[in-house]
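**Student:** Sharing data-v1.cif (mmCIF, N, CA and C atoms) below.
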```
data_start
loop_
_atom_site.label_atom_id
_atom_site.label_comp_id
_atom_site.auth_asym_id
_atom_site.auth_seq_id
_atom_site.Cartn_x
_atom_site.Cartn_y
_atom_site.Cartn_z
N MET A 1 24.00 -15.43 6.29
CA MET A 1 22.74 -15.97 6.73
C MET A 1 23.02 -17.20 7.60
N LEU A 2 22.23 -17.35 8.64
CA LEU A 2 22.38 -18.48 9.54
C LEU A 2 21.83 -19.76 8.90
N PRO A 3 22.42 -20.91 9.23
CA PRO A 3 21.88 -22.16 8.68
C PRO A 3 20.42 -22.33 9.11
N GLY A 4 19.57 -22.71 8.19
CA GLY A 4 18.16 -22.92 8.47
C GLY A 4 17.31 -21.66 8.41
N ALA A 5 17.95 -20.49 8.32
CA ALA A 5 17.19 -19.23 8.25
C ALA A 5 16.66 -19.02 6.84
N SER A 6 15.50 -18.40 6.74
CA SER A 6 14.92 -18.10 5.43
C SER A 6 15.64 -16.91 4.82
N PRO A 7 15.84 -16.93 3.51
CA PRO A 7 16.45 -15.77 2.88
C PRO A 7 15.50 -14.58 2.95
N ALA A 8 16.07 -13.40 3.05
CA ALA A 8 15.25 -12.19 3.13
C ALA A 8 14.58 -11.94 1.79
N GLY A 9 13.34 -11.47 1.85
CA GLY A 9 12.61 -11.14 0.64
C GLY A 9 12.64 -9.66 0.37
N ARG A 10 12.11 -9.30 -0.77
CA ARG A 10 12.07 -7.90 -1.18
C ARG A 10 10.82 -7.67 -1.99
N VAL A 11 10.20 -6.51 -1.82
CA VAL A 11 9.06 -6.11 -2.64
C VAL A 11 9.46 -4.86 -3.40
N ASP A 12 9.39 -4.95 -4.72
CA ASP A 12 9.57 -3.80 -5.60
C ASP A 12 8.18 -3.34 -5.99
N LEU A 13 7.79 -2.16 -5.50
CA LEU A 13 6.44 -1.66 -5.67
C LEU A 13 6.41 -0.57 -6.72
N GLY A 14 5.64 -0.80 -7.76
CA GLY A 14 5.41 0.22 -8.78
C GLY A 14 4.07 0.87 -8.53
N ILE A 15 4.02 2.19 -8.66
CA ILE A 15 2.78 2.93 -8.47
C ILE A 15 2.46 3.64 -9.77
N ALA A 16 1.27 3.35 -10.32
CA ALA A 16 0.88 3.91 -11.62
C ALA A 16 -0.44 4.66 -11.49
N GLY A 17 -0.57 5.73 -12.26
CA GLY A 17 -1.84 6.41 -12.35
C GLY A 17 -2.02 7.61 -11.44
N LEU A 18 -0.94 8.14 -10.85
CA LEU A 18 -1.09 9.35 -10.05
C LEU A 18 -1.55 10.48 -10.96
N ARG A 19 -2.58 11.22 -10.53
CA ARG A 19 -3.09 12.29 -11.40
C ARG A 19 -2.30 13.58 -11.28
N SER A 20 -1.43 13.66 -10.29
CA SER A 20 -0.58 14.84 -10.17
C SER A 20 0.66 14.47 -9.36
N THR A 21 1.61 15.38 -9.34
CA THR A 21 2.81 15.19 -8.52
C THR A 21 2.71 16.00 -7.24
N LYS A 22 1.53 16.49 -6.92
CA LYS A 22 1.32 17.26 -5.69
C LYS A 22 1.30 16.33 -4.49
N GLY A 23 1.76 16.84 -3.35
CA GLY A 23 1.64 16.12 -2.09
C GLY A 23 2.55 14.93 -1.97
N ASN A 24 2.06 13.95 -1.21
CA ASN A 24 2.85 12.76 -0.87
C ASN A 24 2.09 11.49 -1.20
N VAL A 25 2.84 10.41 -1.24
CA VAL A 25 2.25 9.08 -1.34
C VAL A 25 2.60 8.36 -0.05
N MET A 26 1.58 7.87 0.65
CA MET A 26 1.76 7.14 1.90
C MET A 26 1.50 5.66 1.60
N VAL A 27 2.45 4.82 1.99
CA VAL A 27 2.36 3.39 1.70
C VAL A 27 2.52 2.60 2.99
N CYS A 28 1.72 1.56 3.10
CA CYS A 28 1.76 0.66 4.25
C CYS A 28 1.87 -0.76 3.71
N LEU A 29 2.80 -1.54 4.27
CA LEU A 29 2.99 -2.95 3.92
C LEU A 29 2.83 -3.74 5.21
N THR A 30 1.89 -4.68 5.24
CA THR A 30 1.61 -5.42 6.46
C THR A 30 1.38 -6.90 6.18
N THR A 31 1.58 -7.70 7.23
CA THR A 31 1.26 -9.13 7.18
C THR A 31 0.02 -9.43 8.02
N ALA A 32 -0.55 -8.40 8.65
CA ALA A 32 -1.63 -8.59 9.62
C ALA A 32 -2.99 -8.22 9.05
N PRO A 33 -3.85 -9.20 8.77
CA PRO A 33 -5.18 -8.90 8.25
C PRO A 33 -5.98 -7.96 9.15
N THR A 34 -5.78 -8.04 10.45
CA THR A 34 -6.54 -7.18 11.37
C THR A 34 -6.09 -5.73 11.34
N HIS A 35 -4.92 -5.46 10.76
CA HIS A 35 -4.41 -4.09 10.68
C HIS A 35 -4.46 -3.53 9.26
N PHE A 36 -5.09 -4.24 8.37
CA PHE A 36 -5.19 -3.80 6.97
C PHE A 36 -6.52 -3.08 6.78
N PRO A 37 -6.60 -1.96 6.09
CA PRO A 37 -5.57 -1.37 5.25
C PRO A 37 -4.77 -0.22 5.87
N ASP A 38 -5.09 0.21 7.09
CA ASP A 38 -4.43 1.42 7.60
C ASP A 38 -3.16 1.19 8.41
N CYS A 39 -2.90 -0.04 8.82
CA CYS A 39 -1.69 -0.41 9.57
C CYS A 39 -1.60 0.26 10.94
N GLN A 40 -2.66 0.86 11.42
CA GLN A 40 -2.62 1.49 12.73
C GLN A 40 -2.37 0.44 13.79
N ASN A 41 -1.53 0.79 14.74
CA ASN A 41 -1.19 -0.07 15.87
C ASN A 41 -0.57 -1.41 15.44
N ASP A 42 0.03 -1.45 14.28
CA ASP A 42 0.71 -2.65 13.80
C ASP A 42 2.22 -2.41 13.92
N PRO A 43 2.84 -2.93 14.99
CA PRO A 43 4.26 -2.65 15.20
C PRO A 43 5.17 -3.26 14.13
N ALA A 44 4.68 -4.27 13.42
CA ALA A 44 5.51 -4.92 12.39
C ALA A 44 5.30 -4.33 11.00
N ALA A 45 4.35 -3.42 10.83
CA ALA A 45 4.08 -2.84 9.51
C ALA A 45 5.27 -2.01 9.04
N ARG A 46 5.46 -2.01 7.75
CA ARG A 46 6.45 -1.13 7.13
C ARG A 46 5.68 0.01 6.49
N LYS A 47 5.99 1.24 6.91
CA LYS A 47 5.30 2.41 6.37
C LYS A 47 6.33 3.37 5.82
N THR A 48 5.94 4.05 4.76
CA THR A 48 6.79 5.09 4.21
C THR A 48 5.93 6.16 3.59
N THR A 49 6.43 7.38 3.60
CA THR A 49 5.79 8.51 2.93
C THR A 49 6.85 9.16 2.06
N VAL A 50 6.53 9.32 0.78
CA VAL A 50 7.48 9.92 -0.16
C VAL A 50 6.76 10.98 -0.98
N PRO A 51 7.50 11.96 -1.50
CA PRO A 51 6.88 12.95 -2.37
C PRO A 51 6.26 12.26 -3.59
N ALA A 52 5.08 12.69 -3.97
CA ALA A 52 4.39 12.09 -5.12
C ALA A 52 5.24 12.15 -6.38
N ALA A 53 6.05 13.18 -6.51
CA ALA A 53 6.89 13.34 -7.70
C ALA A 53 7.93 12.22 -7.84
N THR A 54 8.23 11.52 -6.74
CA THR A 54 9.26 10.47 -6.79
C THR A 54 8.70 9.10 -6.43
N ALA A 55 7.37 8.94 -6.46
CA ALA A 55 6.74 7.72 -5.94
C ALA A 55 6.50 6.62 -6.97
N ALA A 56 7.03 6.72 -8.15
CA ALA A 56 6.74 5.72 -9.18
C ALA A 56 7.25 4.34 -8.81
N ALA A 57 8.34 4.27 -8.03
CA ALA A 57 8.91 2.98 -7.65
C ALA A 57 9.45 3.06 -6.23
N LEU A 58 9.05 2.08 -5.42
CA LEU A 58 9.52 1.98 -4.04
C LEU A 58 10.03 0.57 -3.80
N ARG A 59 10.87 0.42 -2.79
CA ARG A 59 11.41 -0.91 -2.47
C ARG A 59 11.34 -1.13 -0.97
N PHE A 60 10.90 -2.33 -0.59
CA PHE A 60 10.92 -2.77 0.79
C PHE A 60 11.86 -3.97 0.86
N ASP A 61 12.95 -3.83 1.60
CA ASP A 61 13.98 -4.87 1.70
C ASP A 61 13.89 -5.62 3.02
N TRP A 62 14.59 -6.76 3.07
CA TRP A 62 14.78 -7.57 4.26
C TRP A 62 13.46 -7.99 4.90
N LEU A 63 12.60 -8.54 4.08
CA LEU A 63 11.29 -8.99 4.56
C LEU A 63 11.32 -10.48 4.85
N PRO A 64 10.79 -10.88 6.01
CA PRO A 64 10.66 -12.31 6.27
C PRO A 64 9.63 -12.93 5.33
N SER A 65 9.76 -14.20 5.07
CA SER A 65 8.79 -14.90 4.23
C SER A 65 7.43 -14.87 4.91
N ALA A 66 6.41 -14.41 4.19
CA ALA A 66 5.05 -14.30 4.73
C ALA A 66 4.14 -13.81 3.61
N ASP A 67 2.85 -13.76 3.92
CA ASP A 67 1.88 -13.12 3.04
C ASP A 67 1.77 -11.66 3.44
N TYR A 68 1.81 -10.77 2.46
CA TYR A 68 1.78 -9.32 2.69
C TYR A 68 0.63 -8.71 1.89
N ALA A 69 0.27 -7.48 2.27
CA ALA A 69 -0.66 -6.67 1.48
C ALA A 69 -0.21 -5.23 1.59
N VAL A 70 -0.41 -4.49 0.51
CA VAL A 70 -0.04 -3.08 0.44
C VAL A 70 -1.30 -2.23 0.32
N ALA A 71 -1.32 -1.13 1.05
CA ALA A 71 -2.33 -0.09 0.89
C ALA A 71 -1.60 1.22 0.70
N MET A 72 -2.09 2.05 -0.22
CA MET A 72 -1.44 3.34 -0.45
C MET A 72 -2.48 4.43 -0.64
N VAL A 73 -2.06 5.66 -0.31
CA VAL A 73 -2.91 6.85 -0.44
C VAL A 73 -2.09 7.94 -1.12
N HIS A 74 -2.69 8.61 -2.10
CA HIS A 74 -2.08 9.80 -2.68
C HIS A 74 -2.62 11.00 -1.91
N ASP A 75 -1.87 11.43 -0.92
CA ASP A 75 -2.22 12.55 -0.04
C ASP A 75 -1.85 13.85 -0.75
N GLU A 76 -2.73 14.27 -1.67
CA GLU A 76 -2.41 15.42 -2.52
C GLU A 76 -2.20 16.72 -1.75
N ASN A 77 -2.92 16.92 -0.66
CA ASN A 77 -2.76 18.17 0.08
C ASN A 77 -1.74 18.07 1.22
N GLY A 78 -1.13 16.91 1.40
CA GLY A 78 -0.05 16.75 2.36
C GLY A 78 -0.46 16.85 3.82
N ASN A 79 -1.72 16.55 4.14
CA ASN A 79 -2.16 16.65 5.53
C ASN A 79 -2.02 15.35 6.31
N GLY A 80 -1.44 14.32 5.70
CA GLY A 80 -1.15 13.08 6.40
C GLY A 80 -2.31 12.12 6.56
N LYS A 81 -3.39 12.31 5.78
CA LYS A 81 -4.54 11.40 5.88
C LYS A 81 -5.29 11.37 4.55
N LEU A 82 -6.15 10.37 4.40
CA LEU A 82 -7.02 10.25 3.24
C LEU A 82 -8.25 11.11 3.49
N ASP A 83 -8.41 12.16 2.72
CA ASP A 83 -9.57 13.04 2.87
C ASP A 83 -10.78 12.41 2.19
N THR A 84 -11.94 12.58 2.82
CA THR A 84 -13.19 12.03 2.28
C THR A 84 -14.26 13.11 2.23
N PHE A 85 -15.28 12.84 1.42
CA PHE A 85 -16.47 13.68 1.34
C PHE A 85 -17.66 12.74 1.32
N VAL A 86 -18.51 12.83 2.30
CA VAL A 86 -19.66 11.95 2.47
C VAL A 86 -19.22 10.48 2.40
N GLY A 87 -18.10 10.18 3.03
CA GLY A 87 -17.61 8.81 3.08
C GLY A 87 -16.85 8.34 1.86
N MET A 88 -16.79 9.16 0.81
CA MET A 88 -16.07 8.78 -0.42
C MET A 88 -14.68 9.43 -0.41
N PRO A 89 -13.65 8.67 -0.74
CA PRO A 89 -12.30 9.24 -0.80
C PRO A 89 -12.20 10.37 -1.82
N ARG A 90 -11.63 11.50 -1.40
CA ARG A 90 -11.38 12.63 -2.30
C ARG A 90 -9.99 12.56 -2.92
N GLU A 91 -9.17 11.69 -2.38
CA GLU A 91 -7.81 11.55 -2.87
C GLU A 91 -7.62 10.12 -3.39
N GLY A 92 -6.54 9.91 -4.09
CA GLY A 92 -6.29 8.61 -4.69
C GLY A 92 -5.88 7.56 -3.68
N PHE A 93 -6.15 6.31 -4.02
CA PHE A 93 -5.80 5.18 -3.16
C PHE A 93 -5.57 3.96 -4.03
N GLY A 94 -4.93 2.96 -3.46
CA GLY A 94 -4.71 1.72 -4.20
C GLY A 94 -4.25 0.62 -3.29
N PHE A 95 -4.30 -0.60 -3.80
CA PHE A 95 -3.96 -1.79 -3.02
C PHE A 95 -3.20 -2.77 -3.90
N SER A 96 -2.37 -3.58 -3.27
CA SER A 96 -1.69 -4.63 -4.01
C SER A 96 -2.72 -5.53 -4.67
N ARG A 97 -2.35 -6.10 -5.79
CA ARG A 97 -3.19 -6.98 -6.62
C ARG A 97 -4.38 -6.24 -7.22
N ASN A 98 -4.53 -4.95 -6.97
CA ASN A 98 -5.57 -4.11 -7.59
C ASN A 98 -6.96 -4.74 -7.56
N PRO A 99 -7.45 -5.10 -6.37
CA PRO A 99 -8.78 -5.71 -6.28
C PRO A 99 -9.89 -4.73 -6.65
N ALA A 100 -11.03 -5.26 -7.04
CA ALA A 100 -12.19 -4.42 -7.33
C ALA A 100 -12.62 -3.72 -6.04
N ILE A 101 -13.00 -2.46 -6.17
CA ILE A 101 -13.45 -1.68 -5.02
C ILE A 101 -14.96 -1.56 -5.11
N ARG A 102 -15.62 -2.00 -4.06
CA ARG A 102 -17.08 -1.91 -4.03
C ARG A 102 -17.48 -0.94 -2.94
N PHE A 103 -17.85 -1.44 -1.79
CA PHE A 103 -18.24 -0.59 -0.67
C PHE A 103 -17.17 -0.72 0.40
N GLY A 104 -16.29 0.24 0.49
CA GLY A 104 -15.21 0.20 1.46
C GLY A 104 -13.97 -0.48 0.91
N PRO A 105 -12.93 -0.52 1.72
CA PRO A 105 -11.67 -1.12 1.26
C PRO A 105 -11.79 -2.63 1.12
N PRO A 106 -10.91 -3.21 0.33
CA PRO A 106 -10.94 -4.67 0.16
C PRO A 106 -10.44 -5.38 1.42
N ARG A 107 -10.71 -6.64 1.50
CA ARG A 107 -10.18 -7.47 2.59
C ARG A 107 -8.70 -7.76 2.30
N PHE A 108 -7.99 -8.08 3.36
CA PHE A 108 -6.58 -8.47 3.24
C PHE A 108 -6.42 -9.57 2.21
N SER A 109 -7.31 -10.55 2.24
CA SER A 109 -7.20 -11.70 1.33
C SER A 109 -7.26 -11.30 -0.14
N SER A 110 -7.93 -10.20 -0.47
CA SER A 110 -8.01 -9.74 -1.86
C SER A 110 -6.74 -9.04 -2.32
N ALA A 111 -5.96 -8.53 -1.38
CA ALA A 111 -4.74 -7.80 -1.71
C ALA A 111 -3.48 -8.59 -1.39
N ARG A 112 -3.63 -9.77 -0.86
CA ARG A 112 -2.51 -10.58 -0.36
C ARG A 112 -1.63 -11.11 -1.50
N PHE A 113 -0.34 -11.12 -1.22
CA PHE A 113 0.64 -11.75 -2.11
C PHE A 113 1.75 -12.33 -1.25
N ALA A 114 2.42 -13.33 -1.75
CA ALA A 114 3.44 -14.04 -0.98
C ALA A 114 4.83 -13.49 -1.26
N VAL A 115 5.63 -13.42 -0.21
CA VAL A 115 7.05 -13.12 -0.31
C VAL A 115 7.75 -14.31 0.32
N ALA A 116 8.61 -14.96 -0.44
CA ALA A 116 9.27 -16.17 0.04
C ALA A 116 10.76 -16.14 -0.26
N GLY A 117 11.40 -15.03 0.02
CA GLY A 117 12.82 -14.90 -0.30
C GLY A 117 12.96 -14.45 -1.74
N GLY A 118 13.85 -13.55 -1.97
CA GLY A 118 14.03 -13.01 -3.31
C GLY A 118 13.05 -11.90 -3.61
N PRO A 119 13.18 -11.29 -4.78
CA PRO A 119 12.33 -10.14 -5.12
C PRO A 119 10.94 -10.53 -5.62
N VAL A 120 9.97 -9.71 -5.26
CA VAL A 120 8.60 -9.82 -5.74
C VAL A 120 8.22 -8.45 -6.29
N ALA A 121 7.64 -8.42 -7.47
CA ALA A 121 7.20 -7.16 -8.07
C ALA A 121 5.69 -7.03 -7.92
N GLU A 122 5.24 -5.91 -7.40
CA GLU A 122 3.81 -5.60 -7.27
C GLU A 122 3.59 -4.24 -7.91
N ARG A 123 2.48 -4.09 -8.62
CA ARG A 123 2.15 -2.81 -9.26
C ARG A 123 0.78 -2.39 -8.76
N VAL A 124 0.71 -1.19 -8.19
CA VAL A 124 -0.55 -0.65 -7.68
C VAL A 124 -1.04 0.43 -8.63
N LYS A 125 -2.26 0.28 -9.08
CA LYS A 125 -2.93 1.27 -9.94
C LYS A 125 -3.76 2.17 -9.03
N VAL A 126 -3.45 3.46 -9.02
CA VAL A 126 -4.15 4.41 -8.16
C VAL A 126 -5.54 4.67 -8.73
N LYS A 127 -6.53 4.70 -7.82
CA LYS A 127 -7.93 4.97 -8.19
C LYS A 127 -8.36 6.29 -7.57
N TYR A 128 -9.14 7.04 -8.32
CA TYR A 128 -9.73 8.30 -7.82
C TYR A 128 -11.22 8.20 -8.04
N LEU A 129 -11.99 8.46 -7.00
CA LEU A 129 -13.45 8.40 -7.11
C LEU A 129 -14.07 9.78 -7.30
N LEU A 130 -13.44 10.81 -6.80
CA LEU A 130 -13.94 12.19 -6.94
C LEU A 130 -12.92 13.05 -7.64
#
```
Mind converting the file's structure to structure tokens?

**Tutor:**
Amino acid sequence: MLPGASPAGRVDLGIAGLRSTKGNVMVCLTTAPTHFPDCQNDPAARKTTVPAATAAALRFDWLPSADYAVAMVHDENGNGKLDTFVGMPREGFGFSRNPAIRFGPPRFSSARFAVAGGPVAERVKVKYLL
């Protein structure tokens, strides 16, 4: 590490409450409130897609010190998106810090957590509305 440089951080992400091992789990980690929760057009976002059967624990390494938020989707049918019915998610979803879900996704500030070098553990509880 260079003198004066911040140590790299790490997020150990636990995912709990998947109702099946079908499909994939899509996860997005971002520092940008304007790109939360979908991370679209966020060049700095860390995204990963893993089989639901192996998604209980994920790790994001070499993170600069910053405030982050996680959004995840249990894409049970493997079509690469969160399916909805009349605006309600048909598949599971979750966010870091497990904020209350009211009308629409939470704000970045509700899911935000700090990474300041070293490991940080976050646990996301998957929610299903339908």

**Student:** What is the CA of Val70 in chain A to CA of Leu130 in chain A distance in Å?

**Tutor:**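 Rounded to one decimal, the two atoms are 21.9 Å apart.
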
**Student:** Which of range 85-130 of chain A counts as strand (DSSP E or B) under DSSP, as a list in words please?

**Tutor:** Phe85, Met88, Pro89, Gly92, Phe93, Gly94, Phe95, Arg102, Gly104, Phe113, Ala114, Val115, Gly118, Pro119, Val120, Ala121, Glu122, Arg123, Val124, Lys125 and Lys127 of chain A

**Student:** Starting from the shown file, work through the PyMOL selection byres ((chain A and resi 30) around 8) and note down what comes out as JSON, numbers by chain.

**Tutor:** {"A": [27, 28, 29, 31, 32, 33, 35, 36, 39, 42, 44, 45, 46, 47, 66, 67, 68, 69, 70, 71]}

**Student:** Given the PyMOL selection byres ((chain A and resi 12-19) around 5) and the file above, list the residues it selects as number ranges by chain.

**Tutor:** A: 10-11, 20-21, 56-59, 120-126

**Student:** Check the smallest atom-to-atom distance from each of A:Ser109, A:Ala52, A:Val115, A:Val73 to Gly92 in chain A using all atoms listed in the file, then report the winner.

**Tutor:**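 Result for the nearest residue to Gly92 in chain A: A:Val73.
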
**Student:** For Pro89 in chain A, which residue out of A:Ser65, A:Asn41, A:Tyr128, A:Met26 is the nearest one, using only N, CA and C atoms?

**Tutor:**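 Of A:Ser65, A:Asn41, A:Tyr128, A:Met26, the one nearest Pro89 in chain A is A:Tyr128, counting only N, CA and C atoms.
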
**Student:** Can you tell me how far atom C of Phe60 in chain A sits from CA of Phe113 in chain A, in Å to one decimal?

**Tutor:**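 Between these atoms lies a distance of 14.0 Å.
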
**Student:** Just the number, please: distance in Å from atom N of Val50 in chain A to CA of Val25 in chain A, one decimal.

**Tutor:**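 Spanning atom N of Val50 in chain A to CA of Val25 in chain A is a straight-line distance of 4.8 Å.
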
**Student:** Rank A:Lys127, A:Asn24, A:Phe95, A:Ser110 by their smallest atom-to-atom distance to Thr54 in chain A, using only C-alpha atoms, and report the top residue only.

**Tutor:**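 The answer is A:Asn24, which sits nearest to Thr54 in chain A.
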
**Student:** What are the DSSP alpha helix (DSSP H) residues of chain A, as a list in words?

**Tutor:**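 Alpha helix (DSSP H) members of chain A, listed: Phe108, Ser109, Ser110 and Ala111 of chain A.
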
**Student:** Pick from A:Pro106, A:Ala8, A:Gly23, A:Trp62: nearest to Glu76 in chain A, with all atoms listed in the file counted?

**Tutor:**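 Of all the options, A:Gly23 lies closest to Glu76 in chain A.
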
**Student:** Go through A:Ala111, A:Pro43, A:Asn79, A:Ala53 one by one, measure the shortest atom-to-atom distance of each to Gly94 in chain A using only C-alpha atoms, and give the residue with the smallest value.

**Tutor:**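 Of the candidates, the smallest distance to Gly94 in chain A is held by A:Ala111.
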
**Student:** For a quick check of understanding, using only C-alpha atoms, which of A:Lys22, A:Phe93, A:Thr49, A:Thr34 has the smallest distance to Arg107 in chain A?

**Tutor:**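 So, comparing all the options, the nearest one is A:Thr34.
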
**Student:** N, CA, C and O atoms are what I want for range 22-43 of chain A; can you complete it accordingly and write them as a compact mmCIF listing (two decimals), in the frame of the given file?

**Tutor:**
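In the end it all went to result_37.txt:
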```txt
# COMPACT_ATOMS: atom_id res chain seq x y z
N LYS A 22 1.53 16.49 -6.92
CA LYS A 22 1.32 17.26 -5.69
C LYS A 22 1.30 16.33 -4.49
O LYS A 22 0.83 15.19 -4.57
N GLY A 23 1.76 16.84 -3.35
CA GLY A 23 1.64 16.12 -2.09
C GLY A 23 2.55 14.93 -1.97
O GLY A 23 3.63 14.88 -2.54
N ASN A 24 2.06 13.95 -1.21
CA ASN A 24 2.85 12.76 -0.87
C ASN A 24 2.09 11.49 -1.20
O ASN A 24 0.87 11.50 -1.34
N VAL A 25 2.84 10.41 -1.24
CA VAL A 25 2.25 9.08 -1.34
C VAL A 25 2.60 8.36 -0.05
O VAL A 25 3.78 8.27 0.33
N MET A 26 1.58 7.87 0.65
CA MET A 26 1.76 7.14 1.90
C MET A 26 1.50 5.66 1.60
O MET A 26 0.46 5.32 1.04
N VAL A 27 2.45 4.82 1.99
CA VAL A 27 2.36 3.39 1.70
C VAL A 27 2.52 2.60 2.99
O VAL A 27 3.36 2.93 3.83
N CYS A 28 1.72 1.56 3.10
CA CYS A 28 1.76 0.66 4.25
C CYS A 28 1.87 -0.76 3.71
O CYS A 28 1.13 -1.15 2.82
N LEU A 29 2.80 -1.54 4.27
CA LEU A 29 2.99 -2.95 3.92
C LEU A 29 2.83 -3.74 5.21
O LEU A 29 3.52 -3.49 6.20
N THR A 30 1.89 -4.68 5.24
CA THR A 30 1.61 -5.42 6.46
C THR A 30 1.38 -6.90 6.18
O THR A 30 1.01 -7.28 5.07
N THR A 31 1.58 -7.70 7.23
CA THR A 31 1.26 -9.13 7.18
C THR A 31 0.02 -9.43 8.02
O THR A 31 -0.41 -10.57 8.10
N ALA A 32 -0.55 -8.40 8.65
CA ALA A 32 -1.63 -8.59 9.62
C ALA A 32 -2.99 -8.22 9.05
O ALA A 32 -3.29 -7.04 8.87
N PRO A 33 -3.85 -9.20 8.77
CA PRO A 33 -5.18 -8.90 8.25
C PRO A 33 -5.98 -7.96 9.15
O PRO A 33 -6.75 -7.14 8.66
N THR A 34 -5.78 -8.04 10.45
CA THR A 34 -6.54 -7.18 11.37
C THR A 34 -6.09 -5.73 11.34
O THR A 34 -6.80 -4.86 11.84
N HIS A 35 -4.92 -5.46 10.76
CA HIS A 35 -4.41 -4.09 10.68
C HIS A 35 -4.46 -3.53 9.26
O HIS A 35 -3.90 -2.48 8.98
N PHE A 36 -5.09 -4.24 8.37
CA PHE A 36 -5.19 -3.80 6.97
C PHE A 36 -6.52 -3.08 6.78
O PHE A 36 -7.54 -3.54 7.28
N PRO A 37 -6.60 -1.96 6.09
CA PRO A 37 -5.57 -1.37 5.25
C PRO A 37 -4.77 -0.22 5.87
O PRO A 37 -3.87 0.30 5.24
N ASP A 38 -5.09 0.21 7.09
CA ASP A 38 -4.43 1.42 7.60
C ASP A 38 -3.16 1.19 8.41
O ASP A 38 -2.44 2.12 8.69
N CYS A 39 -2.90 -0.04 8.82
CA CYS A 39 -1.69 -0.41 9.57
C CYS A 39 -1.60 0.26 10.94
O CYS A 39 -0.54 0.22 11.56
N GLN A 40 -2.66 0.86 11.42
CA GLN A 40 -2.62 1.49 12.73
C GLN A 40 -2.37 0.44 13.79
O GLN A 40 -2.92 -0.66 13.75
N ASN A 41 -1.53 0.79 14.74
CA ASN A 41 -1.19 -0.07 15.87
C ASN A 41 -0.57 -1.41 15.44
O ASN A 41 -0.66 -2.39 16.17
N ASP A 42 0.03 -1.45 14.28
CA ASP A 42 0.71 -2.65 13.80
C ASP A 42 2.22 -2.41 13.92
O ASP A 42 2.81 -1.76 13.08
N PRO A 43 2.84 -2.93 14.99
CA PRO A 43 4.26 -2.65 15.20
C PRO A 43 5.17 -3.26 14.13
O PRO A 43 6.29 -2.80 13.93
```
